[in-house]
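Here's the structure we're looking at; comments come further down.
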Amino acid sequence: SGFDSLNYCIRCDLYQDGKPDFSVMARKFDLLLDITFERNATFNVDSILTSEFISSVASASASRSVSIEVFKGTCDSNPTCNVNTNDCFSGVNEVVVGDTLDLCIMASDADVKVGGLESATAEAGDNYQSILIAKSGTDGEVGTPNFVTRSIVNESGELTLSTLLLPAYFDALAGSGIERVITVSGVVLLEYVLELDSGS
């Protein structure tokens, strides 16, 4: 998570009717805005402090949720099959030993970019799990991929996760009555993008 503070000085004047240039009363306010932001899909404004020469306190809070979308294919190939809403790996699209599994991970909101993966795993049934991206010792840091996995973020803030489908996945799913499904999951690190109007 991140934290930042902004300080503002606000002055309010009371003017006499008919004399817009003559202030009959003025008050000043010092406004301190504390903002904390999470890097894994939540955003919080946890307190707003105000002071009128002698400080008085007010507070407010807000939260934000960000949806993550995953597509089949690399991000630079403009993938169209959303694996969250479509069956992208059935029939002729079933994966085989030695395939490279490419997934494009992106945020649904235009002002949020993917900064990397903190961790990711792939599981084959209940019998086999591979750590694709190993978590570092610190929360919020990009993890380390294994020797058959790559994690690449493009300029648009979209992340391509590519991993080689080893025989171990398919060995774990061999036999009757076993659903032949590989599950990939992980923690995405988010970056919030603030675009400022340059004015004209």
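FYI, nothing fancy with the structure tokens labels: chains A, B, ... in order, residues from 1 per chain, ligands from 1 as they appear.
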
Taking a cut-off of 12 Å and counting only C-alpha atoms, can you build a table that, for each residue of stretch 130-194 of chain A near stretch 87-91 of chain A, reports the nearest atom pair and how far apart they are in Å (one decimal), sorted by chain then residue number, as JSON lines?
```
{"residue": "A:Arg180", "atom": "CA", "partner": "A:Ser90", "partner_atom": "CA", "distance": 10.9}
{"residue": "A:Val181", "atom": "CA", "partner": "A:Phe89", "partner_atom": "CA", "distance": 9.7}
{"residue": "A:Ile182", "atom": "CA", "partner": "A:Phe89", "partner_atom": "CA", "distance": 10.4}
{"residue": "A:Thr183", "atom": "CA", "partner": "A:Phe89", "partner_atom": "CA", "distance": 11.8}
```

Between atom CA of A:Leu101 and atom CA of A:Gly175, what is the spacing in Å? 22.8 Å

Do you know which residues are at most 12 Å from A:Asp109 counting only C-alpha atoms, after dropping those on the same chain fewer than 3 positions away, and could you put them as JSON, numbers by chain? {"A": [41, 64, 65, 66, 67, 68, 69, 106, 112, 113, 114, 157, 158, 190, 191, 192, 193]}

Contact table stretch 93-128 of chain A vs stretch 163-168 of chain A, cut-off 6 Å, shortest pair per residue, only C-alpha atoms, as CSV:
```
residue,atom,partner,partner_atom,distance
A:Val97,CA,A:Leu165,CA,5.8
A:Gly98,CA,A:Leu165,CA,5.3
A:Asp99,CA,A:Leu165,CA,5.5
A:Thr100,CA,A:Leu164,CA,4.5
A:Leu101,CA,A:Thr163,CA,5.3
```

Just the selected residues (all heavy atoms), exported as a PDB file, in the first residue's frame, please.
```
ATOM      1  N   VAL A  97       0.757 -31.248 -23.920  1.00  0.00           N
ATOM      2  CA  VAL A  97       2.098 -31.189 -23.344  1.00  0.00           C
ATOM      3  C   VAL A  97       3.027 -30.398 -24.257  1.00  0.00           C
ATOM      4  O   VAL A  97       3.051 -30.601 -25.470  1.00  0.00           O
ATOM      5  CB  VAL A  97       2.659 -32.608 -23.126  1.00  0.00           C
ATOM      6  CG1 VAL A  97       4.091 -32.535 -22.628  1.00  0.00           C
ATOM      7  CG2 VAL A  97       1.806 -33.369 -22.137  1.00  0.00           C
ATOM      8  N   GLY A  98       3.776 -29.468 -23.685  1.00  0.00           N
ATOM      9  CA  GLY A  98       4.730 -28.674 -24.452  1.00  0.00           C
ATOM     10  C   GLY A  98       4.178 -27.370 -24.977  1.00  0.00           C
ATOM     11  O   GLY A  98       4.933 -26.550 -25.504  1.00  0.00           O
ATOM     12  N   ASP A  99       2.856 -27.166 -24.844  1.00  0.00           N
ATOM     13  CA  ASP A  99       2.292 -25.868 -25.233  1.00  0.00           C
ATOM     14  C   ASP A  99       2.791 -24.770 -24.290  1.00  0.00           C
ATOM     15  O   ASP A  99       3.111 -25.021 -23.126  1.00  0.00           O
ATOM     16  CB  ASP A  99       0.755 -25.900 -25.154  1.00  0.00           C
ATOM     17  CG  ASP A  99       0.124 -26.506 -26.391  1.00  0.00           C
ATOM     18  OD1 ASP A  99       0.852 -26.810 -27.345  1.00  0.00           O
ATOM     19  OD2 ASP A  99      -1.118 -26.697 -26.384  1.00  0.00           O
ATOM     20  N   THR A 100       2.824 -23.561 -24.813  1.00  0.00           N
ATOM     21  CA  THR A 100       3.052 -22.395 -23.964  1.00  0.00           C
ATOM     22  C   THR A 100       1.700 -21.761 -23.665  1.00  0.00           C
ATOM     23  O   THR A 100       0.972 -21.384 -24.579  1.00  0.00           O
ATOM     24  CB  THR A 100       3.962 -21.362 -24.640  1.00  0.00           C
ATOM     25  OG1 THR A 100       5.244 -21.957 -24.874  1.00  0.00           O
ATOM     26  CG2 THR A 100       4.145 -20.140 -23.754  1.00  0.00           C
ATOM     27  N   LEU A 101       1.365 -21.682 -22.388  1.00  0.00           N
ATOM     28  CA  LEU A 101       0.113 -21.064 -21.973  1.00  0.00           C
ATOM     29  C   LEU A 101       0.333 -19.565 -21.822  1.00  0.00           C
ATOM     30  O   LEU A 101       1.137 -19.131 -21.001  1.00  0.00           O
ATOM     31  CB  LEU A 101      -0.360 -21.657 -20.649  1.00  0.00           C
ATOM     32  CG  LEU A 101      -1.626 -21.043 -20.048  1.00  0.00           C
ATOM     33  CD1 LEU A 101      -2.827 -21.305 -20.944  1.00  0.00           C
ATOM     34  CD2 LEU A 101      -1.868 -21.580 -18.645  1.00  0.00           C
TER      35      LEU A 101
END
```

The residue from A:Thr149, A:Val184, A:Ala134, A:Cys104 with the smallest atom-to-atom distance to A:Ser77, counting only C-alpha atoms, is A:Cys104

Mind checking DSSP for stretch 138-173 of chain A and telling me the strand (DSSP E) residues as a ChimeraX atom specification? /A:144-145,149-153,159-164

If I take atom CA of A:Ala124 and atom CA of A:Tyr169, how far is one from the other in Å, to one decimal?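 One can read the atom CA of A:Ala124 to atom CA of A:Tyr169 distance as 5.4 Å.
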
Shell of 8 Å around A:Thr160, only C-alpha atoms, local chain residues under 2 positions omitted, as a short mmCIF file (atom, residue, chain, number, x, y, z; two decimals) with N, CA and C atoms, in the first residue's frame:
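Result saved to out01.cif:
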```
data_model
loop_
_atom_site.label_atom_id
_atom_site.label_comp_id
_atom_site.auth_asym_id
_atom_site.auth_seq_id
_atom_site.Cartn_x
_atom_site.Cartn_y
_atom_site.Cartn_z
N GLY A 73 -4.04 -15.64 -24.68
CA GLY A 73 -3.10 -15.08 -25.64
C GLY A 73 -2.25 -13.98 -25.01
N THR A 74 -1.25 -13.52 -25.76
CA THR A 74 -0.41 -12.43 -25.28
C THR A 74 -1.13 -11.10 -25.46
N CYS A 75 -0.78 -10.13 -24.62
CA CYS A 75 -1.46 -8.84 -24.68
C CYS A 75 -1.19 -8.11 -25.99
N ASP A 102 -0.36 -18.78 -22.66
CA ASP A 102 -0.25 -17.32 -22.63
C ASP A 102 -1.55 -16.73 -22.10
N LEU A 103 -1.45 -15.90 -21.07
CA LEU A 103 -2.61 -15.21 -20.50
C LEU A 103 -2.31 -13.72 -20.44
N CYS A 104 -3.28 -12.92 -20.89
CA CYS A 104 -3.16 -11.46 -20.83
C CYS A 104 -4.01 -10.97 -19.66
N ILE A 105 -3.37 -10.30 -18.71
CA ILE A 105 -4.03 -9.84 -17.50
C ILE A 105 -4.07 -8.32 -17.51
N ARG A 150 7.44 -16.58 -17.87
CA ARG A 150 7.79 -15.18 -18.09
C ARG A 150 6.60 -14.30 -17.73
N SER A 151 6.91 -13.12 -17.22
CA SER A 151 5.89 -12.13 -16.88
C SER A 151 6.34 -10.79 -17.44
N ILE A 152 5.60 -10.28 -18.44
CA ILE A 152 6.00 -9.07 -19.15
C ILE A 152 4.86 -8.06 -19.13
N VAL A 153 5.17 -6.82 -18.70
CA VAL A 153 4.19 -5.74 -18.68
C VAL A 153 4.49 -4.81 -19.85
N GLU A 158 -0.58 -3.67 -19.34
CA GLU A 158 -1.17 -5.00 -19.46
C GLU A 158 -0.06 -6.03 -19.30
N SER A 162 3.30 -16.02 -19.37
CA SER A 162 3.55 -17.16 -20.27
C SER A 162 4.28 -18.24 -19.48
#
```

May I ask which of the residues A:Glu179, A:Leu159, A:Leu33, A:Asn154 is the closest one to A:Lys72, counting only C-alpha atoms?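 Nearest candidate to A:Lys72 out of A:Glu179, A:Leu159, A:Leu33, A:Asn154: A:Leu159.
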
Coordinates-based distance that separates atom CA of A:Asp111 from atom CA of A:Leu6 (Å, one decimal):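 Result for atom CA of A:Leu6 versus atom CA of A:Asp111: 20.5 Å, one decimal.
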
Neighbouring residues of A:Ile133 were defined as those with any atom within 6 Å, considering only C-alpha atoms; residues of the same chain fewer than 3 positions away were excluded. Please report them as a list of chain:residue names.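 Listed by chain and then number, they are A:Ser119, A:Ala120, A:Gly143, A:Thr144, A:Pro145.
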
Output of the above residues as a CSV table (one decimal), in the first residue's frame, restricted to N, CA and C atoms:
```csv
chain,number,residue,atom,x,y,z
A,119,SER,N,2.5,-12.9,-7.0
A,119,SER,CA,2.6,-14.4,-6.9
A,119,SER,C,1.7,-15.0,-7.9
A,120,ALA,N,1.9,-16.2,-8.3
A,120,ALA,CA,1.0,-16.9,-9.2
A,120,ALA,C,1.4,-18.4,-9.1
A,143,GLY,N,7.0,-10.5,-7.8
A,143,GLY,CA,7.7,-11.8,-7.5
A,143,GLY,C,8.6,-12.3,-8.6
A,144,THR,N,9.2,-13.5,-8.3
A,144,THR,CA,10.2,-14.0,-9.2
A,144,THR,C,9.7,-15.2,-10.0
A,145,PRO,N,9.7,-15.2,-11.3
A,145,PRO,CA,9.2,-16.3,-12.1
A,145,PRO,C,10.1,-17.5,-12.1
```
